[in-house]
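The next block holds one structure in the form of structure tokens; read it before the comments.
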Amino acid sequence: MSQQNVEGKVVGGFILQPMPQPLLAPNENAGWQSLRDAYSSVRADIERLNPDLIVIYSAKWASIIGHQMLSDPNPKWDIVDQDFHALGTMRYDFVMDVEFGEAWRDASKARGLTARCVDYYGFPIDTGTVVNLQLVNPENKFPSSVCSCNVYADRGETIVLGKSALDAVKQSGKRVVAIAITSLSSRMWSEWIDPKDDRIHSPKDDDWNRKLLDILAEGRLEDVSQLARMFSREANGDNRMKAIWWLASIMGQNNEYDGTVYDYQAVWGTGAALVGLIPNPGKAADLEYDEDDVERYKGDRGVLSGAK
Amino acid sequence: MSSTNGTVVSGCLAPHPPHLLYAMNPPQNAPEASGSGAWKALLDGYDSLRESIANKEFDVIIIHTPHWKTVVGHHLLGVDSFKGLSVDPIFPNLFQYSYDLKIDVELSESIAAEAEARGLVTSMMRNPDFRVDYGTLTTCHLVKPEWDTPLVVISSSRPYFYYNNDVGDREMLALGEATLAAIQKSGKRALVLASNSLSHRHFTNEPDDPEDPSFESIYNANQAAWDKRWLSLITQGKGRQLIAEMPDFIEQATSECKDGSMTWLLATLGIPDYPGVVHGYGSIIGTGNAIVEWTPGGDK
């Protein structure tokens with residue numbers, strides 16, 4: 001254990017939307033501008049927490065070979081969004097905590113996951129990560145560590161990934177802010193709209209988003225994690241809400257947080273929220289839940305052949 | 001040149017696993033392969049396809065790529081040229097490719113206009129900083145590594161995912177018809193490529209040597225059986241049945257046809273009632289990949 005043998009901990013968690021409009025075109029829609037303004041509050045609160053490290057799970061970075069952790073110490077490149085290329089080019093220059101990324105990879109492997117670090121010149125960092133690091137950590141005041149979202153992973157694998165991240169946090173001795181980059185409802189408009197006319201894609205998506213945000217405002221992250229499957233079915237949840245599972249897991253799988261909903265707006269039909277969760281031990285009862293807990297991932301190859 | 005004499009010279013199913021390009025060790029790609037031979041059947045298949053199209057003349061390559069994923073309709077590259085480095089976000093250890101390519105913007109705009117006229121949403125991608133996706137680069141390199149032919153690159157829109165497979169197919173049939181109409185009006189000879197695998201369930205781990213042949217197989221027997229059926233329909237020339245069964249195939253075999261490329265290809269060929277030539281078939285990290293060529297009017 002580093003840092004004078006003090007166990008590391010997560011000092012705050014955030015759920016941040018991934019769409020590029022608040023960064024690239026806030027003035028085109030009042031809601032996008034509202035999000036942009038609210039990002040300032042998120043940034044200020046992260047700075048007040050003064051973490052040693054920001055740890056990120058991005059639902060917009062897809063992987064197949066297990067999970068990938070960025071380990072280029074200083075990734076620099078330009079990215080252009082696949083749909084919204086007309087909004088412009090995003091140039092990034094980030095600082096990654098390589099040591100933590102490697103520790104997270106090792107902790108993941110120790111729990112049975114496939115994991116690897118990626119350090120390749122020109123590696124394309126996803127839009128969600130770039131947008132959010134630009135808006136909440138623009139001067140690289142805090143180093144980061146970013147992990148992908150495995151397209152085949154479900155809840156069990158993602159919970160284990162969150163636990164491995166927490167293992168690495170504790171081992172590091174660092175004070176960490178955890179960020180889950182994800183939309184809530186993720187249904188986008190599939191035709192060009194006037195940005196001024198943007199709204200949540202359906203009243204049902206909007207309704208479910210608001211239910212989730214009500215619960216998050218009470219700090220009940222584990223309850224939201226337990227609801228994630230239903231939310232995904234009912235409201236087109238972003239990548240099955242894996243980012244929520246991961247965040248709940250790295251933060252200890254409980255409801256003991258003070259929640260803040262900084263903002264909630266539509267971005268191209270999706271439910272775009274900015275939420276903060278600060279640990280408040282003892283705030284809520286330790287309840288039982290319907291979803292299984294899992295400590296170690298046992299893999300999927302050979303399922304049909306009955307492999308053990 | 002007549003305004004209506006453009007043709008599709010060949011239409012090919014030309015899947016894009018970066019593993020194949022990696023195994024070829026071209027100078028544009030930084031990683032070096034071991035040569036252990038995991039994907040020989042497919043590499044031989046691409047050799048055979050290249051040999052076949054070497055005898056054909058075409059002015060443009062038109063590709064529909066599953067790895068430029070767009071929600072807001074169908075996008076086409078609309079800048080004269082692109083040069084840069086593409087690193088595969090999923091298999092970065094295999095694909096770090098320097099590219100330099102030309103775009104046939106005029107034909108791209110014409111396809112977009114034909115598609116709009118059929119009620120589809122389209123967009124021209126005019127940002128010169130845009131990074132060309134690895135699906136496009138892999139398929140085009142495997143088919144014609146000289147990079148001496150201008151491209152039209154069409155994104156994969158999401159109707160299959162946002163609605164269902166039937167809606168997706170209807171949209172891709174319309175896009176294929178639009179593509180064919182634009183080709184015909186252009187007076188150009190086009191090589192048309194669908195850059196997708198058949199069954200598409202991956203293993204989620206990788207051997208130390210990615211080219212280790214002992215690791216490879218189709219993900220499971222169900223996937224393999226569906227691929228076999230698909231190849232049977234292709235070689236029997238049953239294009240209409242392929243379209244009819246496409247929604248089931250996508251669902252049952254987790255097929256990458258869900259990205260729309262194959263339905264689009266069949267439509268650009270007028271739904272072939274003649275056999276496709278299977279140049280190769282094999283697995284890559286569990287997925288089923290076929291290299292197929294349809295030649296309207298037979299080999300010339």
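Following the order of the structure tokens, chains are lettered A, B, ..., residues in each are numbered from 1, and ligands are numbered from 1.
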Next item on the list: Identify, on the basis of only C-alpha atoms, every residue whose closest approach to Leu166 in chain A does not exceed 8 Å; exclude the query and any residue fewer than 2 positions from it along the same chain; express the result as number ranges by chain.
Entry: A: 9-10, 162-164, 168-170, 249-251
Next item on the list: Starting from chain B, keep only residues with some atom at most 10 Å from an atom of chain A, counting only C-alpha atoms, and report them as a ChimeraX atom specification.
Entry: /B:67-75,84-93,96,120-133,155,157-159,162,201-206,219-221,285
Check: Looking only at the backbone, which of the residues in range 74-283 of chain B does DSSP tag as alpha helix (DSSP H), as a PyMOL selection string?
Finding: chain B and resi 105-117+134-143+159-162+165-186+221-235+239-252+261-268
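Between CA of Trp264 in chain B and CA of Pro17 in chain B lies a distance of 19.6 Å.
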All strand (DSSP E) positions in range 89-211 of chain B, as a JSON list (two decimals) with N, CA and C atoms, in the first residue's frame:
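Result written to states_16.json:
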```
[["chain", "number", "residue", "atom", "x", "y", "z"],
["B", 96, "GLN", "N", -2.73, -0.40, -36.14],
["B", 96, "GLN", "CA", -2.30, 1.00, -36.02],
["B", 96, "GLN", "C", -1.84, 1.38, -37.42],
["B", 97, "TYR", "N", -2.76, 1.85, -38.21],
["B", 97, "TYR", "CA", -2.60, 1.88, -39.66],
["B", 97, "TYR", "C", -2.54, 3.31, -40.18],
["B", 98, "SER", "N", -1.50, 3.60, -40.96],
["B", 98, "SER", "CA", -1.38, 4.93, -41.58],
["B", 98, "SER", "C", -2.05, 4.90, -42.95],
["B", 99, "TYR", "N", -2.96, 5.81, -43.16],
["B", 99, "TYR", "CA", -3.74, 5.77, -44.41],
["B", 99, "TYR", "C", -3.64, 7.09, -45.17],
["B", 100, "ASP", "N", -3.91, 6.98, -46.45],
["B", 100, "ASP", "CA", -3.85, 8.13, -47.35],
["B", 100, "ASP", "C", -4.78, 7.76, -48.50],
["B", 101, "LEU", "N", -5.96, 8.33, -48.52],
["B", 101, "LEU", "CA", -6.96, 7.87, -49.48],
["B", 101, "LEU", "C", -7.73, 9.03, -50.10],
["B", 102, "LYS", "N", -8.31, 8.73, -51.22],
["B", 102, "LYS", "CA", -9.08, 9.73, -51.97],
["B", 102, "LYS", "C", -10.57, 9.36, -51.94],
["B", 122, "THR", "N", -29.86, 11.68, -44.66],
["B", 122, "THR", "CA", -28.44, 11.55, -44.99],
["B", 122, "THR", "C", -27.67, 12.79, -44.54],
["B", 123, "SER", "N", -26.38, 12.65, -44.54],
["B", 123, "SER", "CA", -25.53, 13.78, -44.17],
["B", 123, "SER", "C", -24.16, 13.59, -44.81],
["B", 124, "MET", "N", -23.59, 14.67, -45.32],
["B", 124, "MET", "CA", -22.22, 14.62, -45.85],
["B", 124, "MET", "C", -21.26, 15.02, -44.73],
["B", 125, "MET", "N", -20.23, 14.23, -44.53],
["B", 125, "MET", "CA", -19.25, 14.48, -43.47],
["B", 125, "MET", "C", -18.13, 15.35, -44.07],
["B", 151, "LEU", "N", -12.70, 6.32, -53.25],
["B", 151, "LEU", "CA", -13.70, 5.60, -52.47],
["B", 151, "LEU", "C", -14.96, 6.43, -52.28],
["B", 152, "VAL", "N", -16.05, 5.72, -52.07],
["B", 152, "VAL", "CA", -17.23, 6.29, -51.44],
["B", 152, "VAL", "C", -17.42, 5.49, -50.15],
["B", 153, "VAL", "N", -17.52, 6.18, -49.02],
["B", 153, "VAL", "CA", -17.65, 5.50, -47.73],
["B", 153, "VAL", "C", -18.98, 5.89, -47.10],
["B", 154, "ILE", "N", -19.78, 4.88, -46.79],
["B", 154, "ILE", "CA", -21.12, 5.10, -46.24],
["B", 154, "ILE", "C", -21.17, 4.53, -44.83],
["B", 155, "SER", "N", -21.69, 5.32, -43.90],
["B", 155, "SER", "CA", -21.77, 4.89, -42.50],
["B", 155, "SER", "C", -22.87, 3.86, -42.30],
["B", 156, "SER", "N", -22.83, 3.26, -41.12],
["B", 156, "SER", "CA", -23.87, 2.30, -40.72],
["B", 156, "SER", "C", -24.85, 3.00, -39.79],
["B", 157, "SER", "N", -26.04, 3.27, -40.30],
["B", 157, "SER", "CA", -27.06, 3.88, -39.46],
["B", 157, "SER", "C", -27.69, 2.82, -38.56],
["B", 189, "ARG", "N", -17.99, 2.79, -63.35],
["B", 189, "ARG", "CA", -17.97, 1.36, -63.04],
["B", 189, "ARG", "C", -17.55, 1.23, -61.57],
["B", 190, "ALA", "N", -18.38, 0.55, -60.80],
["B", 190, "ALA", "CA", -18.17, 0.54, -59.35],
["B", 190, "ALA", "C", -17.93, -0.88, -58.83],
["B", 191, "LEU", "N", -16.97, -0.95, -57.91],
["B", 191, "LEU", "CA", -16.81, -2.16, -57.10],
["B", 191, "LEU", "C", -17.49, -1.86, -55.76],
["B", 192, "VAL", "N", -18.43, -2.72, -55.38],
["B", 192, "VAL", "CA", -19.25, -2.43, -54.20],
["B", 192, "VAL", "C", -18.92, -3.43, -53.10],
["B", 193, "LEU", "N", -18.65, -2.92, -51.89],
["B", 193, "LEU", "CA", -18.17, -3.78, -50.80],
["B", 193, "LEU", "C", -19.05, -3.64, -49.56],
["B", 194, "ALA", "N", -19.48, -4.78, -49.04],
["B", 194, "ALA", "CA", -20.14, -4.81, -47.74],
["B", 194, "ALA", "C", -19.13, -5.35, -46.74]]
```
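Using only C-alpha atoms, the protein and nucleic acid residues lying no more than 10 Å from Pro213 in chain B, apart from those fewer than 3 places from it along its own chain, are Ser36, Gly37, Ala38, Trp39, Lys40, Pro207, Asp209, Pro210, Glu216, Ser217 and Ile284 of chain B.
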Export N, CA and C atoms of the chosen residues as a compact mmCIF listing (two decimals), in the first residue's frame?
```txt
# COMPACT_ATOMS: atom_id res chain seq x y z
N SER B 36 1.77 -17.29 -37.48
CA SER B 36 1.40 -18.63 -36.99
C SER B 36 0.26 -19.27 -37.76
N GLY B 37 -0.46 -18.49 -38.55
CA GLY B 37 -1.35 -19.10 -39.53
C GLY B 37 -2.80 -19.32 -39.14
N ALA B 38 -3.29 -18.59 -38.12
CA ALA B 38 -4.66 -18.86 -37.65
C ALA B 38 -5.71 -18.60 -38.72
N TRP B 39 -5.47 -17.67 -39.60
CA TRP B 39 -6.55 -17.22 -40.49
C TRP B 39 -6.24 -17.50 -41.96
N LYS B 40 -5.54 -18.62 -42.20
CA LYS B 40 -5.05 -18.90 -43.56
C LYS B 40 -6.19 -19.01 -44.57
N PRO B 207 -5.47 -15.13 -27.13
CA PRO B 207 -4.22 -15.81 -26.74
C PRO B 207 -3.03 -14.84 -26.79
N ASP B 209 -0.33 -15.07 -28.47
CA ASP B 209 -0.13 -14.82 -29.89
C ASP B 209 -1.52 -14.78 -30.54
N PRO B 210 -1.99 -13.59 -30.91
CA PRO B 210 -3.36 -13.50 -31.45
C PRO B 210 -3.57 -14.40 -32.67
N GLU B 216 -8.71 -20.76 -32.53
CA GLU B 216 -9.82 -20.35 -33.40
C GLU B 216 -10.89 -21.41 -33.59
N SER B 217 -12.13 -20.99 -33.50
CA SER B 217 -13.27 -21.78 -33.93
C SER B 217 -14.46 -20.82 -33.98
N ILE B 284 -12.74 -15.81 -37.02
CA ILE B 284 -11.78 -14.89 -36.41
C ILE B 284 -12.31 -14.52 -35.04
```
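Counting only C-alpha atoms, the residue from A:Gly173, A:Thr127, A:Leu53, A:Asp258 that sits nearest to Trp77 in chain A is A:Thr127.
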Shell around Ala243 in chain A at 7 Å using only C-alpha atoms, local window under 2 positions removed, as a PDB file with N, CA and C atoms, in the first residue's frame:
```pdb
ATOM      1  N   TYR A  57     -15.317   5.282 -15.789  1.00  0.00           N
ATOM      2  CA  TYR A  57     -15.846   4.201 -16.626  1.00  0.00           C
ATOM      3  C   TYR A  57     -16.719   4.875 -17.672  1.00  0.00           C
ATOM      4  N   SER A  58     -16.372   4.665 -18.949  1.00  0.00           N
ATOM      5  CA  SER A  58     -17.139   5.321 -20.005  1.00  0.00           C
ATOM      6  C   SER A  58     -17.967   4.305 -20.772  1.00  0.00           C
ATOM      7  N   ALA A  59     -19.281   4.502 -20.748  1.00  0.00           N
ATOM      8  CA  ALA A  59     -20.177   3.626 -21.509  1.00  0.00           C
ATOM      9  C   ALA A  59     -19.983   3.805 -23.005  1.00  0.00           C
ATOM     10  N   ALA A 180     -18.919   7.948 -13.632  1.00  0.00           N
ATOM     11  CA  ALA A 180     -19.583   7.066 -14.597  1.00  0.00           C
ATOM     12  C   ALA A 180     -20.108   7.946 -15.724  1.00  0.00           C
ATOM     13  N   ILE A 181     -19.589   7.721 -16.931  1.00  0.00           N
ATOM     14  CA  ILE A 181     -20.029   8.516 -18.072  1.00  0.00           C
ATOM     15  C   ILE A 181     -21.120   7.743 -18.792  1.00  0.00           C
ATOM     16  N   THR A 182     -22.324   8.263 -18.752  1.00  0.00           N
ATOM     17  CA  THR A 182     -23.454   7.550 -19.334  1.00  0.00           C
ATOM     18  C   THR A 182     -24.635   8.503 -19.487  1.00  0.00           C
ATOM     19  N   MET A 241     -27.137   0.386 -18.711  1.00  0.00           N
ATOM     20  CA  MET A 241     -26.794   1.083 -17.465  1.00  0.00           C
ATOM     21  C   MET A 241     -25.614   0.428 -16.746  1.00  0.00           C
ATOM     22  N   TRP A 245     -23.975   0.307 -12.654  1.00  0.00           N
ATOM     23  CA  TRP A 245     -23.522  -0.869 -11.897  1.00  0.00           C
ATOM     24  C   TRP A 245     -22.079  -0.683 -11.432  1.00  0.00           C
ATOM     25  N   TRP A 246     -21.262  -0.201 -12.360  1.00  0.00           N
ATOM     26  CA  TRP A 246     -19.849  -0.016 -12.017  1.00  0.00           C
ATOM     27  C   TRP A 246     -19.686   1.014 -10.904  1.00  0.00           C
ATOM     28  N   LEU A 247     -20.418   2.135 -11.027  1.00  0.00           N
ATOM     29  CA  LEU A 247     -20.276   3.195 -10.022  1.00  0.00           C
ATOM     30  C   LEU A 247     -20.748   2.708  -8.653  1.00  0.00           C
TER      31      LEU A 247
END
```
Per residue of range 173-257 of chain A within 10 Å of range 283-286 of chain A, record the nearest atom pair and its distance in Å to one decimal, counting only C-alpha atoms, with rows in chain order and ascending residue number, as a Markdown table.
```
| residue | atom | partner | partner_atom | distance |
| --- | --- | --- | --- | --- |
| A:Glu218 | CA | A:Ala284 | CA | 9.9 |
| A:Gly219 | CA | A:Ala284 | CA | 9.0 |
| A:Arg220 | CA | A:Ala284 | CA | 8.3 |
| A:Gln253 | CA | A:Asp286 | CA | 9.7 |
| A:Asn254 | CA | A:Asp286 | CA | 7.1 |
| A:Asn255 | CA | A:Ala284 | CA | 5.8 |
| A:Glu256 | CA | A:Lys283 | CA | 5.0 |
| A:Tyr257 | CA | A:Lys283 | CA | 7.0 |
```
Write a file of the selected residues as a compact mmCIF listing (two decimals), in the first residue's frame, keeping N, CA and C atoms.
```txt
# COMPACT_ATOMS: atom_id res chain seq x y z
N GLU A 218 -31.75 11.42 -3.38
CA GLU A 218 -31.76 10.93 -1.99
C GLU A 218 -30.49 10.17 -1.65
N GLY A 219 -29.61 10.05 -2.62
CA GLY A 219 -28.34 9.37 -2.37
C GLY A 219 -28.43 7.86 -2.44
N ARG A 220 -29.51 7.33 -3.01
CA ARG A 220 -29.74 5.88 -2.97
C ARG A 220 -29.17 5.22 -4.24
N GLN A 253 -21.59 -0.31 -2.93
CA GLN A 253 -22.90 -0.98 -3.01
C GLN A 253 -23.78 -0.66 -1.80
N ASN A 254 -24.04 0.62 -1.60
CA ASN A 254 -24.97 0.99 -0.53
C ASN A 254 -25.71 2.27 -0.92
N ASN A 255 -26.51 2.76 0.01
CA ASN A 255 -27.31 3.97 -0.24
C ASN A 255 -26.87 5.13 0.64
N GLU A 256 -25.65 5.05 1.12
CA GLU A 256 -25.20 6.02 2.12
C GLU A 256 -24.47 7.20 1.49
N TYR A 257 -25.22 7.96 0.74
CA TYR A 257 -24.62 9.11 0.07
C TYR A 257 -25.54 10.31 0.19
```
Checklist line | Residue among A:Glu7, A:Asp45, A:Asp194, A:Glu157 lying closest to Val177 in chain A, counting only C-alpha atoms | finding: A:Asp45
